[in-house]
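Undergrad: This is target-v3.txt, which holds compact mmCIF, C-alpha atoms:
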# COMPACT_ATOMS: atom_id res chain seq x y z
CA MET A 1 0.00 0.00 0.00
CA ALA A 2 2.95 2.35 0.65
CA ARG A 3 4.44 1.84 -2.82
CA PRO A 4 1.42 3.19 -4.83
CA ALA A 5 1.18 6.17 -2.56
CA LEU A 6 4.88 6.88 -3.09
CA LEU A 7 4.44 6.67 -6.87
CA GLY A 8 1.52 9.09 -6.73
CA GLU A 9 3.50 11.63 -4.76
CA LEU A 10 6.38 11.28 -7.23
CA LEU A 11 4.05 11.94 -10.20
CA VAL A 12 2.60 15.04 -8.56
CA LEU A 13 6.13 16.28 -7.88
CA LEU A 14 7.11 15.83 -11.54
CA LEU A 15 4.01 17.66 -12.76
CA TRP A 16 4.67 20.48 -10.32
CA THR A 17 8.28 20.70 -11.46
CA ALA A 18 7.23 20.85 -15.13
CA THR A 19 4.67 23.54 -14.40
CA VAL A 20 7.17 25.59 -12.48
CA GLY A 21 9.64 25.21 -15.32
CA GLN A 22 7.13 26.38 -17.88
CA VAL A 23 6.16 29.36 -15.77
CA ALA A 24 9.80 30.24 -15.29
CA ALA A 25 10.44 29.88 -19.00
CA ALA A 26 7.43 32.01 -19.82
CA THR A 27 8.59 34.80 -17.55
CA GLU A 28 12.11 34.57 -18.96
CA VAL A 29 12.89 36.69 -22.05
CA GLN A 30 13.98 34.41 -24.87
CA PRO A 31 16.92 35.00 -27.22
CA PRO A 32 16.19 36.60 -30.64
CA VAL A 33 15.52 34.56 -33.76
CA THR A 34 18.34 33.89 -36.20
CA ASN A 35 18.90 33.78 -39.97
CA LEU A 36 15.99 36.10 -40.83
CA SER A 37 15.73 36.45 -44.63
CA VAL A 38 13.21 37.68 -47.20
CA SER A 39 12.42 36.61 -50.76
CA VAL A 40 9.75 37.16 -53.47
CA GLU A 41 7.78 34.38 -55.13
CA ASN A 42 5.36 34.44 -58.03
CA LEU A 43 4.75 38.14 -58.72
CA CYS A 44 3.93 39.84 -55.41
CA THR A 45 4.28 37.16 -52.73
CA ILE A 46 6.82 38.14 -50.05
CA ILE A 47 8.16 35.41 -47.76
CA TRP A 48 10.14 35.99 -44.56
CA THR A 49 11.87 32.95 -43.01
CA TRP A 50 13.93 32.55 -39.84
CA SER A 51 15.47 29.96 -37.52
CA PRO A 52 14.63 29.32 -33.84
CA PRO A 53 16.68 31.30 -31.31
CA GLU A 54 19.87 29.78 -30.01
CA GLY A 55 19.91 28.98 -26.31
CA ALA A 56 16.13 28.98 -25.86
CA SER A 57 14.81 27.44 -22.68
CA PRO A 58 14.09 23.68 -23.09
CA ASN A 59 10.82 24.09 -21.20
CA CYS A 60 9.60 26.78 -23.63
CA THR A 61 7.05 26.04 -26.36
CA LEU A 62 8.26 28.67 -28.82
CA ARG A 63 5.90 31.07 -30.52
CA TYR A 64 6.97 33.80 -32.92
CA PHE A 65 5.70 37.35 -32.77
CA SER A 66 5.86 39.46 -35.98
CA HIS A 67 4.53 42.75 -37.28
CA PHE A 68 5.37 45.39 -39.86
CA ASP A 69 7.04 48.69 -39.07
CA ASP A 70 3.70 50.47 -38.71
CA GLN A 71 2.69 48.00 -35.96
CA GLN A 72 -0.03 46.61 -38.24
CA ASP A 73 -0.93 42.95 -38.88
CA LYS A 74 0.48 41.55 -35.65
CA LYS A 75 0.71 37.75 -35.60
CA ILE A 76 1.77 35.11 -33.06
CA ALA A 77 2.29 31.66 -34.60
CA PRO A 78 4.53 28.57 -34.20
CA GLU A 79 5.73 28.64 -37.84
CA THR A 80 9.19 29.94 -38.68
CA HIS A 81 7.99 31.84 -41.73
CA ARG A 82 5.46 34.44 -42.76
CA LYS A 83 3.97 34.84 -46.25
CA GLU A 84 2.12 37.94 -47.46
CA GLU A 85 0.76 39.19 -50.80
CA LEU A 86 1.74 42.85 -50.96
CA PRO A 87 2.20 45.45 -53.72
CA LEU A 88 5.89 46.19 -54.07
CA ASP A 89 5.53 49.94 -54.47
CA GLU A 90 7.45 50.92 -51.32
CA LYS A 91 9.97 49.58 -48.82
CA ILE A 92 8.44 46.90 -46.56
CA CYS A 93 10.00 45.82 -43.25
CA LEU A 94 9.00 42.96 -40.94
CA GLN A 95 10.08 42.61 -37.30
CA VAL A 96 10.20 39.16 -35.67
CA GLY A 97 10.69 38.03 -32.05
CA SER A 98 10.25 34.84 -30.03
CA GLN A 99 8.27 34.08 -26.87
CA CYS A 100 6.99 31.08 -24.92
CA SER A 101 3.24 31.56 -25.30
CA ALA A 102 0.58 33.03 -27.54
CA ASN A 103 -0.22 35.71 -24.97
CA GLU A 104 0.25 39.16 -26.52
CA SER A 105 0.96 40.62 -23.08
CA GLU A 106 4.10 38.52 -22.76
CA LYS A 107 7.27 40.39 -23.53
CA PRO A 108 8.95 38.90 -26.64
CA SER A 109 12.63 38.58 -27.32
CA PRO A 110 14.55 41.45 -28.89
CA LEU A 111 13.04 42.03 -32.36
CA VAL A 112 14.99 41.35 -35.53
CA LYS A 113 14.05 43.36 -38.65
CA LYS A 114 14.36 42.53 -42.34
CA CYS A 115 13.27 44.80 -45.20
CA ILE A 116 12.65 44.42 -48.90
CA SER A 117 13.05 47.36 -51.25
CA PRO A 118 10.74 48.24 -54.14
CA PRO A 119 11.76 47.22 -57.68
CA GLU A 120 14.49 49.24 -59.34
CA GLY A 121 13.59 52.07 -61.68
CA ASP A 122 12.29 55.63 -61.69
CA PRO A 123 9.08 55.83 -59.62
CA GLU A 124 7.69 58.35 -62.14
CA SER A 125 8.02 55.75 -64.89
CA ALA A 126 5.66 53.25 -63.23
CA VAL A 127 2.15 53.01 -64.64
CA THR A 128 -0.66 54.81 -62.82
CA GLU A 129 -4.35 54.14 -62.18
CA LEU A 130 -3.86 50.39 -62.49
CA LYS A 131 -7.25 48.75 -61.89
CA CYS A 132 -8.78 45.39 -62.74
CA ILE A 133 -12.43 44.33 -63.04
CA TRP A 134 -13.69 40.74 -63.13
CA HIS A 135 -16.42 40.69 -65.76
CA ASN A 136 -19.22 38.19 -65.15
CA LEU A 137 -16.81 35.76 -63.47
CA SER A 138 -15.53 34.97 -66.99
CA TYR A 139 -12.62 37.27 -67.77
CA MET A 140 -10.60 39.96 -66.06
CA LYS A 141 -9.83 43.28 -67.68
CA CYS A 142 -7.02 45.49 -66.38
CA SER A 143 -6.32 49.03 -67.53
CA TRP A 144 -3.72 51.69 -66.72
CA LEU A 145 -2.20 54.99 -67.76
CA PRO A 146 1.47 55.36 -68.77
CA GLY A 147 3.83 56.87 -66.21
CA ARG A 148 4.93 60.49 -66.42
CA ASN A 149 8.55 59.72 -67.37
CA THR A 150 7.72 57.17 -70.02
CA SER A 151 8.47 57.09 -73.73
CA PRO A 152 5.39 57.07 -75.98
CA ASP A 153 6.68 53.97 -77.79
CA THR A 154 6.92 51.88 -74.59
CA HIS A 155 5.71 48.30 -75.07
CA TYR A 156 3.94 47.09 -71.95
CA THR A 157 3.57 43.54 -70.71
CA LEU A 158 1.05 42.32 -68.14
CA TYR A 159 1.59 39.17 -66.09
CA TYR A 160 -0.94 37.52 -63.79
CA TRP A 161 -0.89 34.68 -61.27
CA TYR A 162 -3.27 32.99 -58.81
CA SER A 163 -2.92 29.91 -56.62
CA SER A 164 -4.26 27.44 -59.20
CA LEU A 165 -1.46 28.32 -61.64
CA GLU A 166 1.94 26.71 -61.39
CA LYS A 167 3.63 29.85 -62.70
CA SER A 168 2.67 33.33 -63.82
CA ARG A 169 1.21 33.86 -67.28
CA GLN A 170 1.46 36.68 -69.76
CA CYS A 171 -1.63 38.53 -71.02
CA GLU A 172 -1.55 38.51 -74.81
CA ASN A 173 -4.48 40.79 -75.62
CA ILE A 174 -3.12 44.31 -75.01
CA TYR A 175 -4.95 47.21 -76.67
CA ARG A 176 -5.62 50.94 -76.27
CA GLU A 177 -8.81 52.61 -75.04
CA GLY A 178 -8.28 56.32 -75.56
CA GLN A 179 -5.49 57.35 -73.20
CA HIS A 180 -5.69 54.08 -71.28
CA ILE A 181 -3.94 50.83 -72.11
CA ALA A 182 -5.83 47.62 -71.34
CA CYS A 183 -5.45 43.88 -71.40
CA SER A 184 -8.02 41.09 -70.90
CA PHE A 185 -7.48 37.46 -69.98
CA LYS A 186 -9.78 34.54 -69.27
CA LEU A 187 -10.52 33.93 -65.62
CA THR A 188 -13.24 31.59 -64.40
CA LYS A 189 -14.11 30.09 -61.02
CA VAL A 190 -11.21 27.69 -60.68
CA GLU A 191 -12.30 26.00 -57.44
CA PRO A 192 -15.04 26.26 -54.79
CA SER A 193 -12.86 28.32 -52.46
CA PHE A 194 -12.21 30.98 -55.08
CA GLU A 195 -13.48 33.69 -52.72
CA HIS A 196 -10.36 33.20 -50.60
CA GLN A 197 -8.03 33.76 -53.53
CA ASN A 198 -6.30 36.80 -54.94
CA VAL A 199 -4.99 37.53 -58.40
CA GLN A 200 -1.54 39.07 -58.58
CA ILE A 201 -1.03 41.54 -61.43
CA MET A 202 2.27 43.00 -62.59
CA VAL A 203 2.78 45.52 -65.42
CA LYS A 204 6.22 46.27 -66.80
CA ASP A 205 7.93 46.82 -70.15
CA ASN A 206 9.98 44.47 -72.26
CA ALA A 207 13.08 46.67 -72.19
CA GLY A 208 13.15 47.09 -68.41
CA LYS A 209 13.10 50.89 -68.60
CA ILE A 210 10.14 51.44 -66.30
CA ARG A 211 9.55 50.39 -62.71
CA PRO A 212 7.26 47.35 -62.49
CA SER A 213 3.88 47.89 -60.82
CA CYS A 214 2.17 45.20 -58.77
CA LYS A 215 -1.47 44.98 -57.72
CA ILE A 216 -3.33 42.44 -55.57
CA VAL A 217 -6.93 41.90 -56.76
CA SER A 218 -9.35 40.08 -54.47
CA LEU A 219 -11.72 37.76 -56.30
CA THR A 220 -14.58 39.01 -54.13
CA SER A 221 -14.05 42.62 -55.20
CA TYR A 222 -14.43 44.51 -58.46
CA VAL A 223 -16.90 42.03 -59.91
CA LYS A 224 -19.17 43.37 -62.67
CA PRO A 225 -22.03 41.10 -63.84
CA ASP A 226 -23.41 41.10 -67.34
CA PRO A 227 -26.78 42.84 -67.78
CA PRO A 228 -29.87 40.69 -67.14
CA HIS A 229 -32.43 39.80 -69.81
CA ILE A 230 -36.09 40.72 -69.35
CA LYS A 231 -38.22 37.66 -70.10
CA HIS A 232 -41.77 38.80 -69.36
CA LEU A 233 -43.79 41.90 -68.57
CA LEU A 234 -47.24 40.98 -67.25
CA LEU A 235 -50.21 43.09 -66.13
CA GLN A 236 -51.96 41.25 -63.32
CA ASN A 237 -54.60 42.59 -60.92
CA GLY A 238 -53.62 46.21 -61.39
CA ALA A 239 -49.91 45.48 -60.96
CA LEU A 240 -46.99 45.17 -63.36
CA LEU A 241 -44.93 42.01 -62.90
CA VAL A 242 -41.36 42.26 -64.21
CA GLN A 243 -39.53 38.96 -64.72
CA TRP A 244 -35.92 38.69 -65.89
CA LYS A 245 -33.15 36.16 -66.40
CA ASN A 246 -30.08 36.73 -64.24
CA PRO A 247 -26.60 36.74 -65.80
CA GLN A 248 -24.82 33.41 -65.96
CA ASN A 249 -22.39 32.29 -63.23
CA PHE A 250 -24.37 34.05 -60.46
CA ARG A 251 -26.91 32.75 -57.99
CA SER A 252 -29.99 34.89 -57.39
CA ARG A 253 -29.22 35.21 -53.68
CA CYS A 254 -25.83 36.75 -54.51
CA LEU A 255 -27.30 39.67 -56.47
CA THR A 256 -29.08 42.94 -55.76
CA TYR A 257 -31.31 44.49 -58.41
CA GLU A 258 -32.52 47.88 -59.62
CA VAL A 259 -35.65 48.22 -61.77
CA GLU A 260 -36.22 51.41 -63.78
CA VAL A 261 -39.89 52.04 -64.66
CA ASN A 262 -41.21 54.91 -66.80
CA ASN A 263 -44.69 55.49 -68.20
CA THR A 264 -46.21 57.80 -70.79
CA GLN A 265 -48.68 59.43 -68.38
CA THR A 266 -46.16 60.97 -65.99
CA ASP A 267 -42.73 62.53 -66.19
CA ARG A 268 -41.45 60.69 -63.11
CA HIS A 269 -38.26 58.66 -63.48
CA ASN A 270 -38.60 55.74 -61.02
CA ILE A 271 -35.64 53.52 -60.03
CA LEU A 272 -36.58 50.89 -57.46
CA GLU A 273 -34.06 48.78 -55.52
CA VAL A 274 -34.94 45.11 -55.16
CA GLU A 275 -33.04 43.03 -52.59
CA GLU A 276 -35.32 40.00 -52.44
CA ASP A 277 -36.52 37.81 -55.29
CA LYS A 278 -40.33 37.75 -55.61
CA CYS A 279 -40.62 34.86 -58.06
CA GLN A 280 -41.96 32.53 -55.38
CA ASN A 281 -45.18 34.56 -55.48
CA SER A 282 -45.45 34.54 -59.26
CA GLU A 283 -47.63 32.18 -61.24
CA SER A 284 -45.39 32.43 -64.31
CA ASP A 285 -42.26 30.26 -64.42
CA ARG A 286 -42.56 29.58 -60.71
CA ASN A 287 -39.17 28.89 -59.06
CA MET A 288 -37.43 28.87 -62.41
CA GLU A 289 -33.67 28.63 -61.88
CA GLY A 290 -31.86 31.92 -62.45
CA THR A 291 -35.07 33.94 -62.79
CA SER A 292 -36.06 36.89 -60.60
CA CYS A 293 -39.29 38.85 -60.35
CA PHE A 294 -40.60 42.15 -59.04
CA PRO A 295 -44.26 43.31 -58.84
CA LEU A 296 -45.04 47.02 -59.27
CA PRO A 297 -48.50 47.92 -57.87
CA GLY A 298 -50.67 50.87 -58.89
CA VAL A 299 -50.48 50.56 -62.67
CA LEU A 300 -52.25 53.38 -64.55
CA ALA A 301 -54.75 52.65 -67.29
CA ASP A 302 -54.10 53.87 -70.84
CA ALA A 303 -50.34 54.11 -70.24
CA VAL A 304 -47.30 52.44 -71.78
CA TYR A 305 -44.67 51.25 -69.28
CA THR A 306 -41.01 50.98 -70.26
CA VAL A 307 -38.79 48.83 -68.01
CA ARG A 308 -35.04 48.25 -67.64
CA VAL A 309 -33.14 46.15 -65.06
CA ARG A 310 -29.55 46.04 -63.82
CA VAL A 311 -27.79 43.92 -61.16
CA GLN A 312 -24.98 44.16 -58.64
CA THR A 313 -23.20 41.66 -56.41
CA ASN A 314 -24.16 41.81 -52.73
CA LYS A 315 -22.41 41.26 -49.40
CA LEU A 316 -23.81 37.78 -48.99
CA CYS A 317 -21.37 36.37 -51.56
CA PHE A 318 -19.05 39.23 -52.52
CA ASP A 319 -17.61 42.44 -51.21
CA ASP A 320 -19.84 45.46 -51.67
CA ASN A 321 -17.95 47.00 -54.58
CA GLN A 322 -20.65 49.26 -56.07
CA LEU A 323 -20.07 47.96 -59.62
CA TRP A 324 -23.44 47.77 -61.36
CA SER A 325 -23.98 45.91 -64.58
CA ASP A 326 -25.08 47.80 -67.66
CA TRP A 327 -28.82 48.28 -68.07
CA SER A 328 -30.76 45.56 -69.83
CA GLU A 329 -32.52 46.25 -73.10
CA ALA A 330 -35.69 48.23 -72.47
CA GLN A 331 -39.05 46.52 -72.98
CA SER A 332 -42.53 48.05 -72.97
CA ILE A 333 -46.08 46.97 -72.19
CA GLY A 334 -49.49 48.71 -72.19
CA LYS A 335 -51.53 50.66 -74.70
CA GLU A 336 -51.58 54.26 -75.79
CA PRO A 337 -54.80 56.29 -75.40
CA ASN A 338 -57.08 56.75 -78.50
CA SER A 339 -54.91 58.81 -80.83
CA THR A 340 -57.89 59.96 -83.00
CA PHE A 341 -59.61 61.48 -80.01
CA TYR A 342 -56.50 63.32 -78.95
CA THR A 343 -55.83 64.51 -82.51
CA THR A 344 -59.38 65.85 -82.80
CA MET A 345 -59.09 67.58 -79.48
CA LEU A 346 -55.73 68.99 -80.48
CA LEU A 347 -57.23 70.57 -83.61
CA THR A 348 -60.56 71.64 -82.10
CA ILE A 349 -59.38 73.29 -78.91
CA PRO A 350 -57.37 76.08 -80.67
CA VAL A 351 -60.41 76.94 -82.86
CA PHE A 352 -62.69 77.20 -79.85
CA VAL A 353 -60.16 79.31 -78.03
CA ALA A 354 -59.81 81.72 -80.99
CA VAL A 355 -63.59 82.17 -81.37
CA ALA A 356 -63.98 82.71 -77.64
CA VAL A 357 -61.27 85.37 -77.67
CA ILE A 358 -62.93 87.26 -80.58
CA ILE A 359 -66.35 87.17 -78.91
CA LEU A 360 -64.83 88.33 -75.65
CA LEU A 361 -63.04 91.24 -77.31
CA PHE A 362 -66.24 92.34 -79.09
CA TYR A 363 -68.26 92.09 -75.89
CA LEU A 364 -65.67 94.07 -73.98
CA GLU A 365 -65.72 96.84 -76.62
CA ARG A 366 -69.53 97.16 -76.44
CA LEU A 367 -69.39 97.07 -72.68
CA LYS A 368 -66.81 99.84 -72.72
CA ILE A 369 -69.07 102.07 -74.82
CA ILE A 370 -72.02 101.49 -72.48
CA ILE A 371 -70.12 102.10 -69.30
CA PHE A 372 -67.87 104.88 -70.60
CA PRO A 373 -69.79 106.83 -73.35
CA PRO A 374 -67.66 109.17 -75.55
CA ILE A 375 -67.32 112.82 -74.34
CA PRO A 376 -67.90 115.54 -77.04
CA ASP A 377 -64.90 117.64 -78.08
CA PRO A 378 -65.55 121.33 -77.13
CA GLY A 379 -63.01 122.54 -79.62
CA LYS A 380 -64.85 120.92 -82.48
CA ILE A 381 -68.19 122.44 -81.39
CA PHE A 382 -66.78 126.01 -81.26
CA LYS A 383 -65.05 125.49 -84.56
CA GLU A 384 -68.33 124.55 -86.22
CA MET A 385 -70.14 127.55 -84.65
CA PHE A 386 -67.61 130.18 -85.72
CA GLY A 387 -67.21 128.58 -89.07
CA ASP A 388 -71.03 129.09 -89.92
CA GLN A 389 -71.02 132.75 -88.74
CA ASN A 390 -68.21 133.70 -91.06
CA ASP A 391 -70.05 132.20 -94.01
CA ASP A 392 -73.19 134.35 -93.34
CA THR A 393 -71.14 137.54 -93.05
CA LEU A 394 -69.46 136.82 -96.35
CA HIS A 395 -72.85 136.25 -97.98
CA TRP A 396 -74.19 139.65 -96.84
CA LYS A 397 -71.05 141.39 -97.96
CA LYS A 398 -71.45 139.92 -101.43
CA TYR A 399 -75.15 141.07 -101.50
CA ASP A 400 -74.27 144.72 -100.60
CA ILE A 401 -71.66 144.91 -103.36
CA TYR A 402 -74.12 143.60 -105.91
CA GLU A 403 -76.83 146.04 -104.82
CA LYS A 404 -74.42 149.00 -105.02
CA GLN A 405 -73.32 148.03 -108.51
CA SER A 406 -76.96 147.83 -109.67
CA LYS A 407 -77.79 151.26 -108.21
CA GLU A 408 -74.79 152.84 -109.95
CA GLU A 409 -75.81 151.35 -113.28
CA THR A 410 -79.42 152.67 -112.84
CA ASP A 411 -78.19 156.16 -112.01
CA SER A 412 -76.01 156.16 -115.13
CA VAL A 413 -78.95 155.26 -117.38
CA VAL A 414 -81.18 157.98 -115.87
CA LEU A 415 -78.45 160.56 -116.35
CA ILE A 416 -78.05 159.69 -119.98
CA GLU A 417 -81.79 159.93 -120.62
CA ASN A 418 -81.98 163.39 -119.02
CA LEU A 419 -79.10 164.63 -121.11
CA LYS A 420 -80.84 163.53 -124.29
CA LYS A 421 -84.01 165.36 -123.38
CA ALA A 422 -82.14 168.54 -122.58
CA ALA A 423 -80.41 168.69 -125.91
CA PRO A 424 -82.08 170.83 -128.67
Would you mind writing the structure in this file as C-alpha cells?

TA:
Amino acid sequence: MARPALLGELLVLLLWTATVGQVAAATEVQPPVTNLSVSVENLCTIIWTWSPPEGASPNCTLRYFSHFDDQQDKKIAPETHRKEELPLDEKICLQVGSQCSANESEKPSPLVKKCISPPEGDPESAVTELKCIWHNLSYMKCSWLPGRNTSPDTHYTLYYWYSSLEKSRQCENIYREGQHIACSFKLTKVEPSFEHQNVQIMVKDNAGKIRPSCKIVSLTSYVKPDPPHIKHLLLQNGALLVQWKNPQNFRSRCLTYEVEVNNTQTDRHNILEVEEDKCQNSESDRNMEGTSCFPLPGVLADAVYTVRVRVQTNKLCFDDNQLWSDWSEAQSIGKEPNSTFYTTMLLTIPVFVAVAVIILLFYLERLKIIIFPPIPDPGKIFKEMFGDQNDDTLHWKKYDIYEKQSKEETDSVVLIENLKKAAP
C-alpha cells in the first residue's frame, strides 16, 4: 500500500516541477531569432523565413511574434515563416521576435528586422491608375495609364498569377482605349474556395526601362455582372410584374437588383431597388432557376410602361464593390390612349379658343361704350359755330356789293336819258 502512494507523490512532484519550469520559461525573455531572410515568389508574394533562437529554454514552447514597421498585422504563430501578398511599391519591413506563449501581453525577445526594397527604376516611370475588373466571373480586364517619365513607344507587358497556376502567365491581348492601355485574360471560377483567392497583377515593359507595378486583386471585389435579360412583362390585378433572367455564373441570392420604370402618363423617373426575389409569389415560371421577379403595384390605365433592369453583387457572396452591370434592353407593355380622339381635341381646342377670344373682345368693346360713353370735343363744337357765322357775313357782304353796282348802273342810265331830253 505504501508503494502506490509513493508513486503518486512522485508523479505530482514531476508535474509540479514541469509547471514551475514552464512558468519560469514564460517569464524569462527568450533569445532573438536567427537567420531572418526575405524573398519574393510568383509576382507579389513576399516570404520571410527565420530559424529558432539559439539557447532557448528547453521548457519553452516557442511562438513567434511578428509585425510590420507600422505595428499593423500583428501575428503570433509557431511557424518559422510568414507569407504575405503585398504590392511592391514601397519599402516593406518585418520585425520578428520569439516568446513562450501566444499571450500578446508577454514580452517577446529582442526584435529582428528585415526589409525588402521596391523594384528598381524611376518611380515616375511606373504606370498609374492600375485597376482590374472581373467581368461576369468569366474574364478579367485590367487598364492603366502610362507613367509620367515614359516614352510614348513603350511596349507594356502584363503578367498575372493565382494559386491554381503553377507559374505566372502573360496577357496577350493588349490594346488601347483612348489614353488608357488595357489587357483582358480569361478567368473563371477555378475551385469552390475561389473567394479566398487573390490575383496578382504586374505591369512592366519588355526593355526594363520602367519600374514594375504590382497589384493584388481580391476575387470578391471589383466584380461586374453582365446585364440581365427581361423575359416577361405581365399586367396582373392592377400590378406590373417584371420577370428577368439573371446573368450566368451568379446565384440569385448573390445579387441585388434595380428596376427602372417609366410610363407615358407621368414625367417621373422611377428607379426601385430590389433586394429579395419575388418569383416565389409569381404564377409564371414559378421557381425557375436563375429567374427573378418584381411586382409594381398601382399601374395606370391607358399608359405604356417601359422597363429596364440592372444587377450588382451583394455582401452575402461578394464584397460590396458598387459595380453595377449595364442596363438591360428596355421593354414596354401597355396601350396608348385613342390617338384619333387626342388629334381631334388637339385641332378643335385652338379653334374654340380663338372664337372665344374674338367674342370676348367684341363684348368688352360694347361694354366699354355702355359704361364709358364718348365725351364731345368742345373745340370741335366752337369750330363749327364760328365757321357758320363767317359764311353768313361773307354772304351779306357779297349782296351789298351787288346792290351798289346795280344802283350805280341805274343812275347812269337815268343821267343819260336826261341829257338827251335837254339837248335841242

Undergrad: Name the closest residue to Pro228 (chain A) among the candidates A:Pro212, A:Gly178, A:Gly290, A:Pro119; distances are taken between atoms, counting all atoms listed in the file.

TA: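 Among the listed residues, the smallest separation from Pro228 (chain A) belongs to A:Gly290.
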
Undergrad: In terms of the shortest atom-to-atom distance over all atoms listed in the file, which of A:Gln312, A:Thr306, A:Thr80, A:Thr291 is closest to Gln265 (chain A)?

TA: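 Of the candidates, the smallest distance to Gln265 (chain A) is held by A:Thr306.
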
Undergrad: Which residue, A:Lys141, A:Glu129, A:Tyr305, A:Trp134, has the smallest gap to Gln179 (chain A) when you use all atoms listed in the file?

TA: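 Between A:Lys141, A:Glu129, A:Tyr305, A:Trp134, the residue approaching Gln179 (chain A) most closely is A:Glu129.
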
Undergrad: By how many Å are CA of Ser213 (chain A) and CA of His135 (chain A) apart?

TA: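 Spanning CA of Ser213 (chain A) to CA of His135 (chain A) is a straight-line distance of 22.1 Å.
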
Undergrad: Draw an axis-aligned box over all listed atoms of region 247-255 of chain A, pad each side with 6 Å, and write its centre and edge lengths in Å, one decimal, as lines of an AutoDock Vina configuration file.

TA:
center_x = -26.2
center_y = 36.0
center_z = -59.8
size_x = 19.6
size_y = 19.4
size_z = 24.3

Undergrad: With 8 Å as the threshold, what does the neighbourhood of (1.2, 46.8, -68.9) contain in terms of residues, counting all atoms listed in the file? Coordinates are those of the file; answer as a list in words.

TA: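 Every polymer residue passing the test: Val127, Ser143, Trp144, His155, Tyr156, Thr157, Leu158, Ile174, Ile181, Ala182, Cys183, Met202, Val203, Lys204 and Asp205 of chain A.
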
Undergrad: Please determine, counting only C-alpha atoms, which residue among A:Arg148, A:Lys75, A:Arg251, A:Lys224 has the shortest atom-to-atom distance to Ile210 (chain A).

TA: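 Among the listed residues, the smallest separation from Ile210 (chain A) belongs to A:Arg148.
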